[in-house]
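Engineer: See entry-v4.txt below, with compact mmCIF, C-alpha atoms.
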```
# COMPACT_ATOMS: atom_id res chain seq x y z
CA MET A 1 0.00 0.00 0.00
CA GLY A 2 1.36 3.41 -1.00
CA PHE A 3 1.97 6.37 1.31
CA PHE A 4 -1.15 8.27 0.18
CA GLU A 5 -3.38 5.20 0.50
CA LYS A 6 -2.14 4.63 4.07
CA ILE A 7 -2.95 8.21 5.01
CA LYS A 8 -6.29 8.10 3.20
CA ASN A 9 -7.35 4.84 4.88
CA GLY A 10 -6.11 6.06 8.25
CA LEU A 11 -8.15 9.25 7.96
CA LYS A 12 -11.38 7.59 6.88
CA LYS A 13 -13.26 8.23 10.13
CA THR A 14 -12.07 11.83 10.33
CA ARG A 15 -12.84 12.41 6.65
CA ASP A 16 -16.33 10.96 6.99
CA SER A 17 -16.96 13.20 10.01
CA VAL A 18 -15.43 16.49 8.81
CA ILE A 19 -16.35 16.47 5.15
CA SER A 20 -19.84 15.04 5.65
CA ARG A 21 -20.60 17.90 8.05
CA VAL A 22 -19.09 20.48 5.68
CA GLU A 23 -20.96 18.99 2.72
CA GLY A 24 -24.18 19.11 4.73
CA VAL A 25 -23.75 22.83 5.42
CA LEU A 26 -22.70 23.67 1.85
CA HIS A 27 -25.70 21.94 0.30
CA SER A 28 -28.31 23.07 2.82
CA PHE A 29 -27.96 26.82 2.20
CA THR A 30 -29.23 28.57 -0.90
CA LYS A 31 -27.21 31.70 -0.16
CA ILE A 32 -23.88 32.43 1.52
CA ASP A 33 -24.81 34.62 4.50
CA GLU A 34 -23.95 34.90 8.19
CA ASP A 35 -26.26 31.99 9.03
CA PHE A 36 -24.21 29.87 6.63
CA PHE A 37 -20.92 30.84 8.32
CA GLU A 38 -22.33 30.26 11.82
CA GLU A 39 -23.47 26.79 10.80
CA LEU A 40 -20.15 26.02 9.13
CA GLU A 41 -18.15 27.21 12.14
CA GLU A 42 -20.24 25.07 14.47
CA SER A 43 -19.72 22.02 12.25
CA LEU A 44 -15.93 22.55 12.30
CA ILE A 45 -15.92 22.90 16.09
CA LEU A 46 -17.82 19.61 16.34
CA CYS A 47 -15.02 18.02 14.28
CA ASP A 48 -12.47 18.89 17.01
CA ILE A 49 -10.83 21.62 14.97
CA GLY A 50 -11.30 23.93 17.96
CA VAL A 51 -13.14 27.20 18.51
CA GLN A 52 -10.32 29.60 17.60
CA THR A 53 -9.14 27.68 14.55
CA SER A 54 -12.68 27.13 13.27
CA GLY A 55 -13.29 30.87 13.59
CA ARG A 56 -10.08 31.62 11.69
CA ILE A 57 -10.98 29.24 8.86
CA CYS A 58 -14.41 30.86 8.52
CA ASP A 59 -12.95 34.40 8.61
CA ARG A 60 -10.56 33.60 5.77
CA LEU A 61 -13.26 31.80 3.83
CA ARG A 62 -15.62 34.75 4.26
CA ALA A 63 -12.99 37.10 2.83
CA ARG A 64 -12.30 34.86 -0.17
CA ILE A 65 -15.95 34.33 -1.00
CA LYS A 66 -16.51 38.08 -0.80
CA GLU A 67 -13.52 38.66 -3.07
CA THR A 68 -14.44 36.01 -5.67
CA GLY A 69 -18.23 35.86 -5.40
CA ALA A 70 -17.99 32.05 -5.21
CA LYS A 71 -21.27 30.18 -4.75
CA ASP A 72 -20.52 26.68 -6.01
CA PRO A 73 -20.15 24.21 -3.10
CA GLU A 74 -17.17 22.46 -4.74
CA GLN A 75 -15.38 25.77 -5.25
CA ILE A 76 -15.99 26.73 -1.63
CA LYS A 77 -14.75 23.32 -0.48
CA GLY A 78 -11.61 23.90 -2.56
CA MET A 79 -11.08 27.23 -0.80
CA MET A 80 -11.40 25.51 2.58
CA LYS A 81 -8.81 22.97 1.53
CA GLU A 82 -6.38 25.77 0.61
CA ILE A 83 -7.02 27.60 3.89
CA ILE A 84 -6.42 24.49 6.02
CA LEU A 85 -3.18 23.77 4.17
CA GLU A 86 -2.06 27.38 4.76
CA LEU A 87 -2.73 26.96 8.50
CA LEU A 88 -0.74 23.71 8.63
CA GLY A 89 2.21 25.16 6.73
CA ALA A 90 5.14 23.22 5.28
CA PRO A 91 6.34 19.82 6.59
CA GLU A 92 8.75 20.07 9.54
CA PRO A 93 10.90 16.92 9.61
CA LEU A 94 12.90 15.80 12.62
CA LEU A 95 15.92 17.96 13.38
CA ILE A 96 18.58 15.26 13.71
CA GLY A 97 21.53 16.60 11.76
CA THR A 98 24.21 16.22 14.45
CA LYS A 99 25.93 13.10 15.74
CA PRO A 100 24.46 12.31 18.10
CA SER A 101 21.07 14.01 18.02
CA VAL A 102 18.77 13.58 21.02
CA ILE A 103 15.03 12.93 20.89
CA LEU A 104 13.15 13.20 24.19
CA MET A 105 9.73 11.52 24.13
CA ILE A 106 7.08 12.57 26.66
CA GLY A 107 3.38 11.89 27.16
CA VAL A 108 0.86 10.37 29.55
CA ASN A 109 0.30 6.65 29.98
CA GLY A 110 -1.83 4.91 27.38
CA VAL A 111 -1.10 7.14 24.38
CA GLY A 112 1.18 4.63 22.66
CA LYS A 113 4.47 6.25 23.66
CA THR A 114 6.50 3.05 24.10
CA THR A 115 5.22 1.61 20.81
CA THR A 116 5.98 4.90 19.05
CA ILE A 117 9.56 4.91 20.37
CA GLY A 118 10.02 1.34 19.13
CA LYS A 119 8.62 2.12 15.68
CA LEU A 120 10.65 5.31 15.36
CA ALA A 121 13.84 3.52 16.42
CA ALA A 122 13.21 0.81 13.82
CA GLN A 123 12.55 3.38 11.08
CA LEU A 124 15.70 5.37 11.89
CA LYS A 125 17.71 2.13 11.96
CA SER A 126 16.30 1.19 8.53
CA GLN A 127 17.59 4.55 7.25
CA GLY A 128 21.11 3.48 8.20
CA LYS A 129 21.29 5.37 11.49
CA ARG A 130 22.82 3.92 14.64
CA VAL A 131 20.19 4.35 17.33
CA LEU A 132 20.35 4.03 21.10
CA ILE A 133 17.29 4.06 23.39
CA GLY A 134 17.45 5.41 26.94
CA ALA A 135 14.80 3.82 29.18
CA ALA A 136 14.27 6.83 31.45
CA ASP A 137 10.67 5.97 32.39
CA THR A 138 11.81 4.36 35.63
CA PHE A 139 8.39 4.90 37.23
CA ARG A 140 7.05 1.65 35.74
CA ALA A 141 9.10 -1.54 35.52
CA ALA A 142 6.83 -2.61 32.64
CA ALA A 143 7.94 0.41 30.61
CA ILE A 144 11.59 -0.70 30.80
CA ASP A 145 10.66 -4.29 29.88
CA GLN A 146 8.56 -3.15 26.90
CA LEU A 147 11.35 -0.94 25.61
CA GLU A 148 13.81 -3.80 25.94
CA ILE A 149 11.56 -5.93 23.71
CA TRP A 150 11.25 -3.11 21.17
CA ALA A 151 15.00 -2.48 21.19
CA GLU A 152 15.67 -6.16 20.45
CA ARG A 153 13.02 -6.20 17.73
CA ALA A 154 14.42 -3.04 16.11
CA GLY A 155 18.03 -4.18 16.50
CA VAL A 156 19.10 -1.08 18.43
CA GLU A 157 21.00 -0.57 21.70
CA LEU A 158 19.36 0.11 25.06
CA VAL A 159 20.59 1.86 28.20
CA LYS A 160 18.56 1.14 31.33
CA HIS A 161 18.68 1.33 35.11
CA GLY A 162 16.38 -0.34 37.61
CA GLU A 163 12.83 0.63 38.52
CA GLY A 164 12.75 3.81 40.62
CA ALA A 165 16.14 5.07 39.42
CA ASP A 166 16.70 8.77 38.74
CA PRO A 167 15.45 9.40 35.15
CA ALA A 168 18.05 12.14 34.63
CA ALA A 169 20.80 9.65 35.50
CA VAL A 170 19.51 7.27 32.83
CA VAL A 171 19.47 10.09 30.27
CA TYR A 172 23.03 11.04 31.31
CA ASP A 173 24.22 7.48 30.73
CA ALA A 174 22.30 7.20 27.45
CA VAL A 175 23.76 10.42 26.03
CA SER A 176 27.26 9.50 27.24
CA ALA A 177 26.96 6.04 25.67
CA GLY A 178 25.57 7.54 22.46
CA LYS A 179 28.60 9.80 22.14
CA ALA A 180 31.09 7.08 23.05
CA ARG A 181 29.60 4.54 20.63
CA GLY A 182 29.23 6.93 17.70
CA CYS A 183 25.44 6.78 17.63
CA ASP A 184 23.44 9.01 15.30
CA VAL A 185 20.33 9.27 17.48
CA VAL A 186 19.74 8.88 21.22
CA LEU A 187 16.04 8.31 21.79
CA CYS A 188 14.97 8.83 25.43
CA ASP A 189 11.73 7.69 27.03
CA THR A 190 10.34 9.60 30.04
CA ALA A 191 7.73 8.80 32.67
CA GLY A 192 4.21 8.69 31.24
CA ARG A 193 2.25 10.58 33.82
CA LEU A 194 0.79 14.03 34.27
CA HIS A 195 1.41 14.20 37.99
CA ASN A 196 1.81 17.35 40.06
CA LYS A 197 2.70 20.05 37.54
CA LYS A 198 5.58 21.41 39.63
CA ASN A 199 7.15 17.96 39.90
CA LEU A 200 6.67 17.41 36.18
CA MET A 201 8.39 20.67 35.34
CA ASN A 202 11.23 19.95 37.75
CA GLU A 203 11.82 16.45 36.41
CA LEU A 204 11.73 17.49 32.74
CA ALA A 205 13.87 20.56 33.47
CA LYS A 206 16.48 18.36 35.18
CA ILE A 207 16.54 15.98 32.19
CA SER A 208 16.83 18.92 29.78
CA ARG A 209 19.76 20.35 31.75
CA VAL A 210 21.55 17.01 31.52
CA ILE A 211 21.00 16.88 27.73
CA ASP A 212 22.06 20.51 27.27
CA ARG A 213 25.21 19.93 29.30
CA GLU A 214 26.20 16.54 27.88
CA ALA A 215 25.10 17.20 24.29
CA GLU A 216 25.55 20.96 24.21
CA SER A 217 25.92 21.43 20.46
CA CYS A 218 23.63 18.57 19.43
CA ASP A 219 20.25 18.82 17.77
CA LYS A 220 17.44 18.13 20.25
CA GLU A 221 13.78 17.30 19.72
CA VAL A 222 11.20 17.20 22.52
CA LEU A 223 8.21 15.30 21.16
CA LEU A 224 4.87 14.90 22.91
CA VAL A 225 2.99 11.72 22.02
CA LEU A 226 -0.77 12.35 21.93
CA ASP A 227 -3.68 9.96 21.45
CA ALA A 228 -5.83 11.40 18.62
CA THR A 229 -8.97 9.81 20.08
CA THR A 230 -8.89 12.32 22.97
CA GLY A 231 -9.70 15.22 20.62
CA GLN A 232 -9.69 18.63 22.28
CA ASN A 233 -8.49 17.09 25.55
CA GLY A 234 -5.32 16.26 23.64
CA VAL A 235 -4.92 19.91 22.65
CA ASN A 236 -5.27 20.93 26.31
CA GLN A 237 -2.72 18.28 27.27
CA ALA A 238 -0.31 19.67 24.66
CA ARG A 239 -0.80 23.16 26.09
CA GLU A 240 0.18 21.91 29.57
CA PHE A 241 3.25 20.08 28.33
CA LYS A 242 4.32 22.93 26.07
CA GLU A 243 4.47 25.18 29.11
CA ALA A 244 6.37 22.60 31.15
CA ALA A 245 8.70 21.00 28.65
CA GLY A 246 9.53 23.30 25.74
CA LEU A 247 8.05 21.01 23.09
CA THR A 248 9.38 21.04 19.54
CA GLY A 249 6.66 18.87 18.04
CA ILE A 250 3.84 16.34 18.35
CA VAL A 251 3.46 12.68 17.46
CA LEU A 252 -0.25 11.94 17.00
CA THR A 253 -1.13 8.26 17.44
CA LYS A 254 -4.31 6.23 16.77
CA LEU A 255 -5.45 8.60 14.03
CA ASP A 256 -6.99 5.64 12.19
CA GLY A 257 -9.30 4.87 15.10
CA THR A 258 -10.98 8.24 15.52
CA ALA A 259 -13.12 10.87 13.83
CA LYS A 260 -11.23 13.55 15.81
CA GLY A 261 -8.28 14.01 13.46
CA GLY A 262 -9.21 17.68 13.20
CA ILE A 263 -7.01 18.25 16.25
CA VAL A 264 -4.02 18.15 13.86
CA ILE A 265 -5.16 21.56 12.59
CA ALA A 266 -5.90 22.91 16.07
CA ILE A 267 -2.50 21.85 17.45
CA LYS A 268 -0.62 23.73 14.73
CA ASP A 269 -2.88 26.79 14.65
CA ASP A 270 -3.64 27.18 18.38
CA LEU A 271 -0.31 26.14 19.83
CA GLY A 272 2.13 26.75 16.99
CA LEU A 273 3.42 23.17 17.35
CA PRO A 274 4.13 21.08 14.26
CA VAL A 275 2.86 17.52 14.04
CA LYS A 276 6.01 15.57 13.14
CA TYR A 277 4.58 12.04 12.90
CA ILE A 278 1.16 10.44 12.73
CA GLY A 279 0.16 6.89 13.57
CA VAL A 280 -2.39 5.40 11.17
CA GLY A 281 -2.30 1.72 12.15
CA GLU A 282 -0.55 -1.04 14.07
CA GLN A 283 2.16 -1.98 11.57
CA LEU A 284 5.74 -0.75 11.81
CA ASP A 285 5.41 1.49 8.76
CA ASP A 286 2.07 2.91 9.92
CA LEU A 287 4.01 5.58 11.83
CA GLN A 288 4.39 8.17 9.08
CA PRO A 289 6.22 11.50 8.90
CA PHE A 290 3.48 14.12 8.78
CA ASP A 291 2.99 15.70 5.36
CA PRO A 292 0.40 18.55 5.54
CA ALA A 293 -0.36 18.41 1.80
CA ALA A 294 -0.94 14.63 1.89
CA PHE A 295 -3.07 15.04 5.02
CA VAL A 296 -5.30 17.71 3.43
CA ASP A 297 -5.55 15.78 0.14
CA ALA A 298 -6.58 12.63 2.01
CA LEU A 299 -9.03 14.60 4.16
CA PHE A 300 -10.84 16.01 1.14
CA ASP A 301 -10.48 12.97 -1.13
CA PHE A 302 -13.87 11.39 -1.86
```
As structure tokens, please, write out the structure in this file.

Structural biologist:
Amino acid sequence: MGFFEKIKNGLKKTRDSVISRVEGVLHSFTKIDEDFFEELEESLILCDIGVQTSGRICDRLRARIKETGAKDPEQIKGMMKEIILELLGAPEPLLIGTKPSVILMIGVNGVGKTTTIGKLAAQLKSQGKRVLIGAADTFRAAAIDQLEIWAERAGVELVKHGEGADPAAVVYDAVSAGKARGCDVVLCDTAGRLHNKKNLMNELAKISRVIDREAESCDKEVLLVLDATTGQNGVNQAREFKEAAGLTGIVLTKLDGTAKGGIVIAIKDDLGLPVKYIGVGEQLDDLQPFDPAAFVDALFDF
């Protein structure tokens, strides 16, 4: 199955939700007036695109319809497609140009963080990169065990301590080992819990200080793994973590299992955070680098 078909199939539920609502609005109004825009905005909000972003889409659409005099539903849908692509912007691939580069993965339990780390490690390895995983989620013994299985499956190295160890110490050892062994990417897991915000900030800040000190001139990504099925709650979660952890991007998992894929647009527009990867299935290659143009094409492809 080709890249576009994977994205298209993975977005089926979102496409059916978003476009069916938009189509319903476009074909139920005989004239383009404020009632039309109110109805359209409400339909976009219901698709988890968010209040602010839905308002922005409608404002831009209003201006273009006024400028062009467009009335044809297909033409208006085409304008919406252009506007959404403008909001998403250009693709923003991983910044991993140094040797080593460090990727810090964060997110709450249950979002697919461990699986995502394993898939990403396998993909980077298949690209010829030497990858090392740091098992710094020492809060759960199961997290270390799962990562060990993924590391073996992907054929990459693993640095671990015991359950309850200092996560920053694990990251220190992982970065040090990555440098000593000539690794291209050091991929670090962190504890999957949104506990007391002050503790969260302190723990992530400590880990960041270790990375900044031990890999001072290295490229660093801080990626938040979000479950797409949570919709707007995921956007709120991203807002919390952005404040605490200095995020550089989002990995959005389980996009194939939800009609709430509109949060991709809200994350970029509301929070200014790029979606770097999307998960559209269970297979290894179902973790895909996010391509805004392919996403929008698949969203509007009927």

Engineer: I'd like to know which of A:Thr114, A:Thr190, A:Gln232, A:Thr138 is closest to A:Gln52, using only C-alpha atoms.

Structural biologist: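 Ranked by minimum distance to A:Gln52, first place goes to A:Gln232.
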
Engineer: Quick one: distance from atom CA of A:Asp137 to atom CA of A:Asp189 in Å, one decimal?

Structural biologist: 5.7 Å

Engineer: What does the distance between atom CA of A:Glu163 and atom CA of A:Asp145 come to in Å, to one decimal place?

Structural biologist: 10.2 Å

Engineer: Write out as an NGL selection string the residues lying within 10 Å of stretch 72-83 of chain A, counting only C-alpha atoms and excluding same-chain residues fewer than 3 positions away.

Structural biologist: :A and (19 or 22-23 or 25-27 or 29 or 56-58 or 60-62 or 64-65 or 69 or 86-89 or 293 or 296-297 or 299-300)

Engineer: So, counting only C-alpha atoms, which residue among A:Lys31, A:Arg130, A:Lys254, A:Arg239 is closest to A:Lys268?

Structural biologist: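 Closest candidate: A:Arg239.
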
Engineer: To one decimal place, how far is atom CA of A:Thr230 from atom CA of A:Ser208 in Å?

Structural biologist: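 For atom CA of A:Thr230 relative to atom CA of A:Ser208, the distance reads 27.4 Å.
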
Engineer: For each of A:Ser101, A:Val225, A:Glu38, A:Ala168, take the minimum atom-to-atom distance to A:Ala205, counting all atoms listed in the file, then give the residue where this is smallest.

Structural biologist: A:Ala168

Engineer: Could you pull out every residue with an atom within 9 Å of (-5.2, 9.9, 8.9), file coordinates, counting all atoms listed in the file, and send them as a ChimeraX atom specification?

Structural biologist: /A:6-15,254-258,261,278-280,295,298-299

Engineer: Compare A:Asn199, A:Thr68, A:Leu284, A:Gly234 by their minimum atom-to-atom distance to A:Ser126, counting all atoms listed in the file, and give me the closest one.

Structural biologist: A:Leu284

Engineer: Considering all atoms listed in the file, can you say which of A:Asp219, A:Asp285, A:Phe290, A:Ala245 comes closest to A:Leu95?

Structural biologist: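 The shortest atom-to-atom distance to A:Leu95 comes from A:Asp219.
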
Engineer: When you count only C-alpha atoms, which of these residues is closest to A:Val235: A:Gln123, A:Gln283, A:Thr53, A:Thr116?

Structural biologist: A:Thr53

Engineer: Which residues are near A:Lys113? Cut-off 10 Å, only C-alpha atoms, ignore same chain within fewer than 6 positions. Put them as a list in words.

Structural biologist: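 Residues meeting the cut-off are Met105, Ile106, Gly107, Lys119, Ala143, Asp189, Thr190, Ala191, Gly192, Leu224, Val225, Leu226, Asp227, Val251, Leu252 and Thr253 of chain A.
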
Engineer: Using all atoms of stretch 226-244 of chain A that appear in the file, construct an axis-aligned enclosing box with 5 Å of padding on every side and provide its centre coordinates and edge lengths in Å, rounded to one decimal, as AutoDock Vina command-line options.

Structural biologist:
```
--center_x -1.7 --center_y 17.5 --center_z 24.9 --size_x 26.1 --size_y 25.4 --size_z 22.5
```

Engineer: Could you check which residues have any atom within 8 Å of (17.4, 3.1, 22.8), counting only C-alpha atoms with coordinates taken straight from the file, and then list them as a list in words?

Structural biologist: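 The distance filter leaves exactly Ala121, Val131, Leu132, Ile133, Gly134, Ala135, Leu147, Ala151, Val156, Glu157, Leu158, Val159, Ala174, Val186, Leu187 and Cys188 of chain A.
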
Engineer: Write out as a list in words each polymer residue whose atoms come within 9 Å of A:Asp291, counting only C-alpha atoms; drop sequence neighbours fewer than 6 positions from it.

Structural biologist: Ala90, Pro91, Glu92, Val275, Lys276 and Tyr277 of chain A

Engineer: Go ahead and write the residues just picked, C-alpha atoms, as a PDB file, keeping the file's coordinate frame.

Structural biologist:
```pdb
ATOM      1  CA  ALA A  90       5.140  23.220   5.280  1.00  0.00           C
ATOM      2  CA  PRO A  91       6.340  19.820   6.590  1.00  0.00           C
ATOM      3  CA  GLU A  92       8.750  20.070   9.540  1.00  0.00           C
ATOM      4  CA  VAL A 275       2.860  17.520  14.040  1.00  0.00           C
ATOM      5  CA  LYS A 276       6.010  15.570  13.140  1.00  0.00           C
ATOM      6  CA  TYR A 277       4.580  12.040  12.900  1.00  0.00           C
TER       7      TYR A 277
END
```
